[in-house]
file entry-v6.csv (CSV, C-alpha atoms and all ligand atoms)
chain,number,residue,atom,x,y,z
A,89,MET,CA,28.3,-71.5,35.7
A,90,LEU,CA,26.4,-68.8,37.6
A,91,ASN,CA,23.7,-67.4,35.3
A,92,ILE,CA,21.5,-64.5,36.5
A,93,VAL,CA,18.7,-62.7,34.8
A,94,LEU,CA,18.6,-59.0,35.8
A,95,PHE,CA,15.1,-57.9,35.1
A,96,GLY,CA,13.1,-54.6,35.4
A,97,PRO,CA,11.5,-51.9,33.4
A,98,PRO,CA,13.4,-49.4,31.3
A,99,GLY,CA,15.3,-47.1,33.6
A,100,ALA,CA,15.2,-49.5,36.6
A,101,GLY,CA,19.0,-49.5,36.9
A,102,LYS,CA,19.9,-52.8,35.2
A,103,GLY,CA,22.9,-51.5,33.4
A,104,THR,CA,24.4,-49.8,36.5
A,105,GLN,CA,23.8,-52.8,38.8
A,106,SER,CA,25.1,-55.2,36.1
A,107,GLU,CA,28.5,-53.5,36.3
A,108,ARG,CA,28.7,-54.1,40.0
A,109,ILE,CA,27.6,-57.7,39.7
A,110,ILE,CA,30.1,-58.6,37.0
A,111,GLU,CA,32.9,-57.0,38.9
A,112,LYS,CA,32.2,-59.0,42.1
A,113,TYR,CA,31.3,-62.4,40.5
A,114,GLY,CA,33.5,-62.3,37.4
A,115,LEU,CA,30.5,-62.8,35.0
A,116,VAL,CA,30.1,-61.9,31.4
A,117,HIS,CA,27.6,-59.1,30.9
A,118,LEU,CA,25.2,-59.6,28.0
A,119,SER,CA,23.0,-56.6,27.4
A,120,THR,CA,20.8,-57.1,24.3
A,121,GLY,CA,20.3,-53.3,24.2
A,122,ASP,CA,24.1,-52.7,24.2
A,123,VAL,CA,24.6,-55.3,21.5
A,124,PHE,CA,21.9,-53.7,19.3
A,125,ARG,CA,23.3,-50.3,19.8
A,126,ALA,CA,26.8,-51.5,18.8
A,127,ASN,CA,25.3,-52.9,15.7
A,128,ILE,CA,23.5,-49.7,14.9
A,129,LYS,CA,26.7,-47.8,15.3
A,130,GLY,CA,28.6,-50.2,13.0
A,131,GLU,CA,25.7,-50.1,10.5
A,132,THR,CA,25.5,-53.9,10.3
A,133,GLU,CA,22.5,-55.6,8.8
A,134,LEU,CA,21.3,-56.5,12.3
A,135,GLY,CA,21.7,-52.9,13.4
A,136,ILE,CA,19.7,-51.5,10.5
A,137,LEU,CA,16.9,-53.9,11.2
A,138,ALA,CA,16.9,-53.3,15.0
A,139,LYS,CA,17.0,-49.5,14.7
A,140,SER,CA,13.5,-49.2,13.3
A,141,TYR,CA,12.1,-51.1,16.2
A,142,ILE,CA,14.2,-49.4,18.9
A,143,ASP,CA,13.5,-45.9,17.7
A,144,ALA,CA,9.8,-46.6,17.9
A,145,GLY,CA,10.1,-48.1,21.5
A,146,LYS,CA,9.0,-51.5,20.2
A,147,LEU,CA,10.7,-54.9,20.8
A,148,VAL,CA,13.0,-56.3,18.1
A,149,PRO,CA,11.3,-59.5,16.8
A,150,ASP,CA,12.0,-62.6,19.0
A,151,GLU,CA,13.7,-64.7,16.3
A,152,VAL,CA,16.3,-61.9,15.6
A,153,THR,CA,16.9,-61.3,19.3
A,154,ILE,CA,17.2,-65.0,20.2
A,155,ASN,CA,19.7,-65.7,17.4
A,156,MET,CA,21.8,-62.7,18.4
A,157,LEU,CA,21.8,-63.7,22.0
A,158,ARG,CA,22.7,-67.3,21.2
A,159,SER,CA,25.7,-66.2,19.2
A,160,GLU,CA,26.9,-63.9,21.9
A,161,VAL,CA,26.7,-66.7,24.5
A,162,LEU,CA,28.6,-69.0,22.2
A,163,LYS,CA,31.4,-66.4,21.8
A,164,ASN,CA,31.9,-66.7,25.6
A,165,GLU,CA,31.6,-70.4,26.2
A,166,ALA,CA,34.4,-70.5,28.7
A,167,ALA,CA,32.7,-67.8,30.9
A,168,LYS,CA,32.2,-68.4,34.7
A,169,GLY,CA,28.6,-67.4,34.0
A,170,PHE,CA,26.4,-64.7,32.5
A,171,ILE,CA,24.3,-61.8,33.6
A,172,PHE,CA,21.5,-61.4,31.1
A,173,ASP,CA,20.4,-57.7,31.1
A,174,GLY,CA,17.4,-56.9,28.9
A,175,PHE,CA,16.8,-60.5,28.0
A,176,PRO,CA,14.5,-62.4,28.1
A,177,ARG,CA,11.8,-59.8,27.4
A,178,THR,CA,9.1,-62.2,26.2
A,179,ASN,CA,8.0,-65.6,27.3
A,180,ASN,CA,9.2,-67.0,24.0
A,181,GLN,CA,12.7,-65.6,24.7
A,182,ALA,CA,12.6,-67.1,28.2
A,183,ALA,CA,11.7,-70.6,26.8
A,184,ALA,CA,14.4,-70.3,24.2
A,185,LEU,CA,17.0,-69.3,26.8
A,186,ASP,CA,16.2,-72.3,29.0
A,187,ASN,CA,16.5,-74.7,26.1
A,188,PHE,CA,19.7,-73.1,24.9
A,189,LEU,CA,21.3,-73.3,28.4
A,190,ILE,CA,20.3,-77.0,28.6
A,191,GLU,CA,22.5,-77.6,25.5
A,192,LEU,CA,25.4,-76.0,27.5
A,193,ASN,CA,24.6,-78.2,30.5
A,194,THR,CA,23.7,-75.2,32.6
A,195,SER,CA,20.7,-73.1,33.7
A,196,ILE,CA,19.4,-69.9,35.2
A,197,LYS,CA,20.0,-69.7,38.9
A,198,VAL,CA,17.8,-66.7,39.7
A,199,MET,CA,15.9,-63.8,38.2
A,200,LEU,CA,16.4,-60.6,40.1
A,201,ALA,CA,13.7,-58.1,39.4
A,202,LEU,CA,14.3,-54.4,40.2
A,203,GLU,CA,11.0,-52.8,41.1
A,204,VAL,CA,10.6,-49.0,40.4
A,205,GLU,CA,7.3,-47.2,39.9
A,206,GLU,CA,6.4,-45.5,36.7
A,207,ASN,CA,6.8,-41.8,37.5
A,208,GLU,CA,10.3,-42.4,38.9
A,209,LEU,CA,11.2,-44.3,35.7
A,210,LYS,CA,10.1,-41.4,33.5
A,211,THR,CA,12.2,-39.0,35.5
A,212,ARG,CA,15.2,-41.2,35.4
A,213,LEU,CA,15.0,-41.8,31.6
A,214,ALA,CA,14.5,-38.1,30.9
A,215,LYS,CA,17.6,-37.4,33.0
A,216,ARG,CA,19.6,-40.2,31.3
A,217,SER,CA,18.8,-38.8,27.8
A,218,GLU,CA,20.9,-35.7,28.6
A,219,ILE,CA,24.0,-37.8,28.9
A,220,SER,CA,23.3,-41.1,27.0
A,221,GLY,CA,22.5,-39.5,23.6
A,222,ARG,CA,19.9,-42.3,23.2
A,223,ALA,CA,17.1,-41.1,20.9
A,224,ASP,CA,14.8,-43.6,22.6
A,225,ASP,CA,15.3,-41.8,26.0
A,226,ALA,CA,14.7,-38.3,24.7
A,227,ASN,CA,11.1,-38.7,23.3
A,228,PRO,CA,8.3,-38.9,26.0
A,229,GLU,CA,6.1,-40.8,23.5
A,230,VAL,CA,8.8,-43.4,22.9
A,231,ILE,CA,9.4,-43.7,26.6
A,232,ALA,CA,5.6,-44.2,27.3
A,233,ASN,CA,5.6,-46.9,24.6
A,234,ARG,CA,8.6,-48.7,26.1
A,235,ILE,CA,6.8,-48.8,29.5
A,236,HIS,CA,3.6,-50.0,27.8
A,237,VAL,CA,5.5,-52.8,26.0
A,238,TYR,CA,7.2,-53.7,29.3
A,239,ASN,CA,3.8,-54.0,31.1
A,240,SER,CA,2.1,-55.9,28.4
A,241,GLU,CA,4.8,-58.2,26.9
A,242,THR,CA,7.7,-58.3,29.3
A,243,ALA,CA,6.2,-58.2,32.8
A,244,PRO,CA,4.6,-61.7,32.2
A,245,VAL,CA,8.1,-63.2,32.0
A,246,LYS,CA,8.2,-62.9,35.9
A,247,GLU,CA,5.6,-65.6,36.1
A,248,PHE,CA,7.8,-67.9,33.9
A,249,TYR,CA,10.5,-67.7,36.6
A,250,GLN,CA,8.0,-67.7,39.5
A,251,GLU,CA,6.8,-71.1,38.3
A,252,GLN,CA,10.3,-72.4,38.5
A,253,ASN,CA,10.8,-70.8,42.0
A,254,LYS,CA,13.6,-68.6,40.7
A,255,PHE,CA,12.0,-65.2,41.0
A,256,VAL,CA,13.1,-62.6,43.5
A,257,SER,CA,11.8,-59.0,43.7
A,258,ILE,CA,14.2,-56.3,44.7
A,259,ASP,CA,13.2,-52.8,45.8
A,260,GLY,CA,14.9,-50.6,43.1
A,261,ILE,CA,14.5,-47.3,45.1
A,262,GLY,CA,17.4,-46.1,47.2
A,263,SER,CA,21.1,-45.3,46.7
A,264,ILE,CA,23.0,-47.3,44.1
A,265,ASP,CA,25.1,-48.9,46.9
A,266,GLU,CA,22.0,-49.9,48.8
A,267,ILE,CA,20.5,-51.6,45.8
A,268,THR,CA,23.8,-53.3,45.0
A,269,ASN,CA,23.9,-54.7,48.6
A,270,ARG,CA,20.3,-56.0,48.2
A,271,LEU,CA,21.3,-57.8,45.0
A,272,PHE,CA,24.5,-59.3,46.4
A,273,SER,CA,22.7,-60.6,49.5
A,274,VAL,CA,20.2,-62.4,47.3
A,275,ILE,CA,22.9,-63.8,45.0
A,276,ASP,CA,24.9,-65.1,47.9
A,277,ASN,CA,22.0,-66.6,49.8
A,278,PHE,CA,19.7,-67.9,47.1
B,301,LIG,P1,15.9,-50.1,28.4
B,301,LIG,O1,16.0,-51.2,29.5
B,301,LIG,O2,16.3,-48.8,29.0
B,301,LIG,O3,14.7,-50.2,27.6
B,301,LIG,P2,17.8,-51.6,26.6
B,301,LIG,O4,19.1,-51.0,26.3
B,301,LIG,O5,17.7,-52.8,27.4
B,301,LIG,O6,17.1,-50.3,27.4
B,301,LIG,O7,16.9,-51.8,25.3
B,301,LIG,C1,16.8,-50.8,24.3
B,301,LIG,C2,15.8,-51.3,23.2
B,301,LIG,O8,16.4,-52.4,22.5
B,301,LIG,C3,14.5,-51.8,23.6
B,301,LIG,O9,13.5,-50.7,23.8
B,301,LIG,C4,14.1,-52.8,22.5
B,301,LIG,O10,13.7,-52.1,21.4
B,301,LIG,C5,15.4,-53.4,22.1
B,301,LIG,N1,15.7,-54.6,22.9
B,301,LIG,C6,16.6,-54.8,23.9
B,301,LIG,N2,16.5,-56.1,24.4
B,301,LIG,C7,15.5,-56.7,23.7
B,301,LIG,C8,14.9,-58.0,23.7
B,301,LIG,N3,15.4,-59.0,24.6
B,301,LIG,N4,13.9,-58.3,22.8
B,301,LIG,C9,13.5,-57.4,21.9
B,301,LIG,N5,14.0,-56.2,21.9
B,301,LIG,C10,15.0,-55.8,22.7
call {"tool": "encode", "arguments": {"input": "entry-v6.csv", "output": "structure tokens"}}
result
Amino acid sequence: MLNIVLFGPPGAGKGTQSERIIEKYGLVHLSTGDVFRANIKGETELGILAKSYIDAGKLVPDEVTINMLRSEVLKNEAAKGFIFDGFPRTNNQAAALDNFLIELNTSIKVMLALEVEENELKTRLAKRSEISGRADDANPEVIANRIHVYNSETAPVKEFYQEQNKFVSIDGIGSIDEITNRLFSVIDNF
């Protein structure tokens, strides 16, 4: 299996680049944000719970997120590999993912971290809100909170992968194609 963590702050371009990566390498895309949004739309129990956190720009509790991720992976056991987008977002989630992949006799190959500075993120999210219809993109206070949560809870996950020599930083500024090529080149040569 080829398992990749695509990492970066909100608005860094994880969703866009994931589409390119799954197309080239035939991986299953697992975006925790997308799964939560589908559950919100379907008004499931998970969706109702997740909505209150997402609308406030907070993280959904680890236990809920980990269980959800686990069941999504198990639905796709025959996959060539996974691209994890928006997960892990805490050190707890990273440790749970490692243990879980061991059970499946596999592991993470690399974490690719898209680096984009804060003002550019705010501009991109405001622009995305016009087309995404996402309430959490439309409110500047919620955006600021998501970036704050990223810096305090999520950014430390980089060190988790640095310690395993699996961390690669990617410049997230440039054209979509340029960034895709940077990602492909790391995946092919790592
Ligand atoms: P973005 O990367 O633009 O913030 P996502 O679609 O990845 O958007 O996530 C949207 C929201 O879903 C997050 O702000 C958070 O509330 C929730 N969420 C997504 N992934 C996780 C996760 N791994 N752990 C906890 N909450 C999550």
call {"tool": "residues_near_ligand", "arguments": {"input": "entry-v6.csv", "ligand": "ligand LIG 301 (chain B)", "cutoff": "8 Å", "atoms": "all atoms listed in the file", "output": "PDB file with C-alpha atoms, in the frame of the given file"}}
result
ATOM      1  CA  GLY A  96      13.100 -54.600  35.400  1.00  0.00           C
ATOM      2  CA  PRO A  97      11.500 -51.900  33.400  1.00  0.00           C
ATOM      3  CA  PRO A  98      13.400 -49.400  31.300  1.00  0.00           C
ATOM      4  CA  GLY A  99      15.300 -47.100  33.600  1.00  0.00           C
ATOM      5  CA  ALA A 100      15.200 -49.500  36.600  1.00  0.00           C
ATOM      6  CA  LYS A 102      19.900 -52.800  35.200  1.00  0.00           C
ATOM      7  CA  GLY A 103      22.900 -51.500  33.400  1.00  0.00           C
ATOM      8  CA  SER A 119      23.000 -56.600  27.400  1.00  0.00           C
ATOM      9  CA  THR A 120      20.800 -57.100  24.300  1.00  0.00           C
ATOM     10  CA  GLY A 121      20.300 -53.300  24.200  1.00  0.00           C
ATOM     11  CA  ASP A 122      24.100 -52.700  24.200  1.00  0.00           C
ATOM     12  CA  PHE A 124      21.900 -53.700  19.300  1.00  0.00           C
ATOM     13  CA  ARG A 125      23.300 -50.300  19.800  1.00  0.00           C
ATOM     14  CA  ALA A 138      16.900 -53.300  15.000  1.00  0.00           C
ATOM     15  CA  LYS A 139      17.000 -49.500  14.700  1.00  0.00           C
ATOM     16  CA  TYR A 141      12.100 -51.100  16.200  1.00  0.00           C
ATOM     17  CA  ILE A 142      14.200 -49.400  18.900  1.00  0.00           C
ATOM     18  CA  ASP A 143      13.500 -45.900  17.700  1.00  0.00           C
ATOM     19  CA  ALA A 144       9.800 -46.600  17.900  1.00  0.00           C
ATOM     20  CA  GLY A 145      10.100 -48.100  21.500  1.00  0.00           C
ATOM     21  CA  LYS A 146       9.000 -51.500  20.200  1.00  0.00           C
ATOM     22  CA  LEU A 147      10.700 -54.900  20.800  1.00  0.00           C
ATOM     23  CA  VAL A 148      13.000 -56.300  18.100  1.00  0.00           C
ATOM     24  CA  PRO A 149      11.300 -59.500  16.800  1.00  0.00           C
ATOM     25  CA  ASP A 150      12.000 -62.600  19.000  1.00  0.00           C
ATOM     26  CA  THR A 153      16.900 -61.300  19.300  1.00  0.00           C
ATOM     27  CA  ILE A 154      17.200 -65.000  20.200  1.00  0.00           C
ATOM     28  CA  ASP A 173      20.400 -57.700  31.100  1.00  0.00           C
ATOM     29  CA  GLY A 174      17.400 -56.900  28.900  1.00  0.00           C
ATOM     30  CA  PHE A 175      16.800 -60.500  28.000  1.00  0.00           C
ATOM     31  CA  PRO A 176      14.500 -62.400  28.100  1.00  0.00           C
ATOM     32  CA  ARG A 177      11.800 -59.800  27.400  1.00  0.00           C
ATOM     33  CA  THR A 178       9.100 -62.200  26.200  1.00  0.00           C
ATOM     34  CA  GLN A 181      12.700 -65.600  24.700  1.00  0.00           C
ATOM     35  CA  LEU A 213      15.000 -41.800  31.600  1.00  0.00           C
ATOM     36  CA  ASP A 224      14.800 -43.600  22.600  1.00  0.00           C
ATOM     37  CA  ASP A 225      15.300 -41.800  26.000  1.00  0.00           C
ATOM     38  CA  ARG A 234       8.600 -48.700  26.100  1.00  0.00           C
TER      39      ARG A 234
END
call {"tool": "atom_distance", "arguments": {"input": "entry-v6.csv", "atom1": "atom CA of A:Asn253", "atom2": "atom CA of A:Phe272"}}
result
18.4 Å
call {"tool": "residues_around", "arguments": {"input": "entry-v6.csv", "residues": "A:Ile92", "least_positions_apart": "6", "cutoff": "7 Å", "atoms": "all atoms listed in the file", "output": "list in words"}}
result
Phe170, Ile171, Phe172, Ile196, Lys197, Val198 and Met199 of chain A
call {"tool": "residues_around", "arguments": {"input": "entry-v6.csv", "residues": "A:Lys112", "least_positions_apart": "5", "cutoff": "12 Å", "atoms": "all atoms listed in the file", "output": "ChimeraX atom specification"}}
result
/A:105-107,168,171,268-269,271-272,275-276
call {"tool": "closest_residue", "arguments": {"input": "entry-v6.csv", "among": "A:Ala243, A:Leu192, A:Val230, A:Leu137", "to": "A:Ala166", "atoms": "all atoms listed in the file"}}
result
A:Leu192
call {"tool": "residues_around", "arguments": {"input": "entry-v6.csv", "residues": "A:Asn193", "least_positions_apart": "3", "cutoff": "12 Å", "atoms": "only C-alpha atoms", "output": "list in words"}}
result
Met89, Leu90, Asn91, Glu165, Asp186, Asn187, Phe188, Leu189, Ile190 and Ile196 of chain A
call {"tool": "write_last_selection", "arguments": {"input": "entry-v6.csv", "atoms": "C-alpha atoms", "output": "tab-separated table (two decimals), keeping the file's coordinate frame"}}
result
chain	number	residue	atom	x	y	z
A	89	MET	CA	28.30	-71.50	35.70
A	90	LEU	CA	26.40	-68.80	37.60
A	91	ASN	CA	23.70	-67.40	35.30
A	165	GLU	CA	31.60	-70.40	26.20
A	186	ASP	CA	16.20	-72.30	29.00
A	187	ASN	CA	16.50	-74.70	26.10
A	188	PHE	CA	19.70	-73.10	24.90
A	189	LEU	CA	21.30	-73.30	28.40
A	190	ILE	CA	20.30	-77.00	28.60
A	196	ILE	CA	19.40	-69.90	35.20
call {"tool": "atom_distance", "arguments": {"input": "entry-v6.csv", "atom1": "atom CA of A:Ile258", "atom2": "atom CA of A:Ala201"}}
result
5.6 Å
call {"tool": "atom_distance", "arguments": {"input": "entry-v6.csv", "atom1": "atom CA of A:Glu205", "atom2": "atom CA of A:Phe95"}}
result
14.1 Å
call {"tool": "closest_residue", "arguments": {"input": "entry-v6.csv", "among": "A:Thr194, A:Ala223, A:Gly262, A:Asn179", "to": "A:Ser240", "atoms": "all atoms listed in the file"}}
result
A:Asn179
call {"tool": "build_atoms", "arguments": {"input": "entry-v6.csv", "residues": "stretch 94-107 of chain A", "atoms": "N, CA, C and O atoms", "output": "PDB file, in the coordinates of the input"}}
result
ATOM      1  N   LEU A  94      18.874 -60.294  35.132  1.00  0.00           N
ATOM      2  CA  LEU A  94      18.600 -59.000  35.800  1.00  0.00           C
ATOM      3  C   LEU A  94      17.419 -58.399  35.063  1.00  0.00           C
ATOM      4  O   LEU A  94      17.527 -58.114  33.872  1.00  0.00           O
ATOM      5  N   PHE A  95      16.310 -58.224  35.781  1.00  0.00           N
ATOM      6  CA  PHE A  95      15.100 -57.900  35.100  1.00  0.00           C
ATOM      7  C   PHE A  95      14.539 -56.543  35.676  1.00  0.00           C
ATOM      8  O   PHE A  95      14.871 -56.157  36.798  1.00  0.00           O
ATOM      9  N   GLY A  96      13.737 -55.864  34.887  1.00  0.00           N
ATOM     10  CA  GLY A  96      13.100 -54.600  35.400  1.00  0.00           C
ATOM     11  C   GLY A  96      12.764 -53.742  34.214  1.00  0.00           C
ATOM     12  O   GLY A  96      13.295 -53.906  33.114  1.00  0.00           O
ATOM     13  N   PRO A  97      11.872 -52.782  34.445  1.00  0.00           N
ATOM     14  CA  PRO A  97      11.500 -51.900  33.400  1.00  0.00           C
ATOM     15  C   PRO A  97      12.596 -50.984  32.904  1.00  0.00           C
ATOM     16  O   PRO A  97      13.618 -50.860  33.597  1.00  0.00           O
ATOM     17  N   PRO A  98      12.422 -50.311  31.738  1.00  0.00           N
ATOM     18  CA  PRO A  98      13.400 -49.400  31.300  1.00  0.00           C
ATOM     19  C   PRO A  98      13.691 -48.319  32.345  1.00  0.00           C
ATOM     20  O   PRO A  98      12.739 -47.767  32.892  1.00  0.00           O
ATOM     21  N   GLY A  99      14.951 -48.088  32.653  1.00  0.00           N
ATOM     22  CA  GLY A  99      15.300 -47.100  33.600  1.00  0.00           C
ATOM     23  C   GLY A  99      15.358 -47.601  35.075  1.00  0.00           C
ATOM     24  O   GLY A  99      15.597 -46.844  36.006  1.00  0.00           O
ATOM     25  N   ALA A 100      15.199 -48.901  35.252  1.00  0.00           N
ATOM     26  CA  ALA A 100      15.200 -49.500  36.600  1.00  0.00           C
ATOM     27  C   ALA A 100      16.596 -49.533  37.220  1.00  0.00           C
ATOM     28  O   ALA A 100      16.738 -49.700  38.428  1.00  0.00           O
ATOM     29  N   GLY A 101      17.631 -49.444  36.362  1.00  0.00           N
ATOM     30  CA  GLY A 101      19.000 -49.500  36.900  1.00  0.00           C
ATOM     31  C   GLY A 101      19.723 -50.783  36.565  1.00  0.00           C
ATOM     32  O   GLY A 101      20.736 -51.098  37.197  1.00  0.00           O
ATOM     33  N   LYS A 102      19.259 -51.504  35.560  1.00  0.00           N
ATOM     34  CA  LYS A 102      19.900 -52.800  35.200  1.00  0.00           C
ATOM     35  C   LYS A 102      21.319 -52.649  34.792  1.00  0.00           C
ATOM     36  O   LYS A 102      22.185 -53.409  35.205  1.00  0.00           O
ATOM     37  N   GLY A 103      21.576 -51.655  33.953  1.00  0.00           N
ATOM     38  CA  GLY A 103      22.900 -51.500  33.400  1.00  0.00           C
ATOM     39  C   GLY A 103      23.920 -51.136  34.563  1.00  0.00           C
ATOM     40  O   GLY A 103      24.997 -51.733  34.672  1.00  0.00           O
ATOM     41  N   THR A 104      23.532 -50.196  35.412  1.00  0.00           N
ATOM     42  CA  THR A 104      24.400 -49.800  36.500  1.00  0.00           C
ATOM     43  C   THR A 104      24.674 -50.938  37.466  1.00  0.00           C
ATOM     44  O   THR A 104      25.826 -51.178  37.857  1.00  0.00           O
ATOM     45  N   GLN A 105      23.638 -51.661  37.824  1.00  0.00           N
ATOM     46  CA  GLN A 105      23.800 -52.800  38.800  1.00  0.00           C
ATOM     47  C   GLN A 105      24.559 -53.938  38.138  1.00  0.00           C
ATOM     48  O   GLN A 105      25.325 -54.634  38.816  1.00  0.00           O
ATOM     49  N   SER A 106      24.375 -54.136  36.829  1.00  0.00           N
ATOM     50  CA  SER A 106      25.100 -55.200  36.100  1.00  0.00           C
ATOM     51  C   SER A 106      26.605 -55.039  36.293  1.00  0.00           C
ATOM     52  O   SER A 106      27.339 -55.999  36.527  1.00  0.00           O
ATOM     53  N   GLU A 107      27.052 -53.772  36.149  1.00  0.00           N
ATOM     54  CA  GLU A 107      28.500 -53.500  36.300  1.00  0.00           C
ATOM     55  C   GLU A 107      29.029 -53.950  37.614  1.00  0.00           C
ATOM     56  O   GLU A 107      30.110 -54.524  37.712  1.00  0.00           O
TER      57      GLU A 107
END
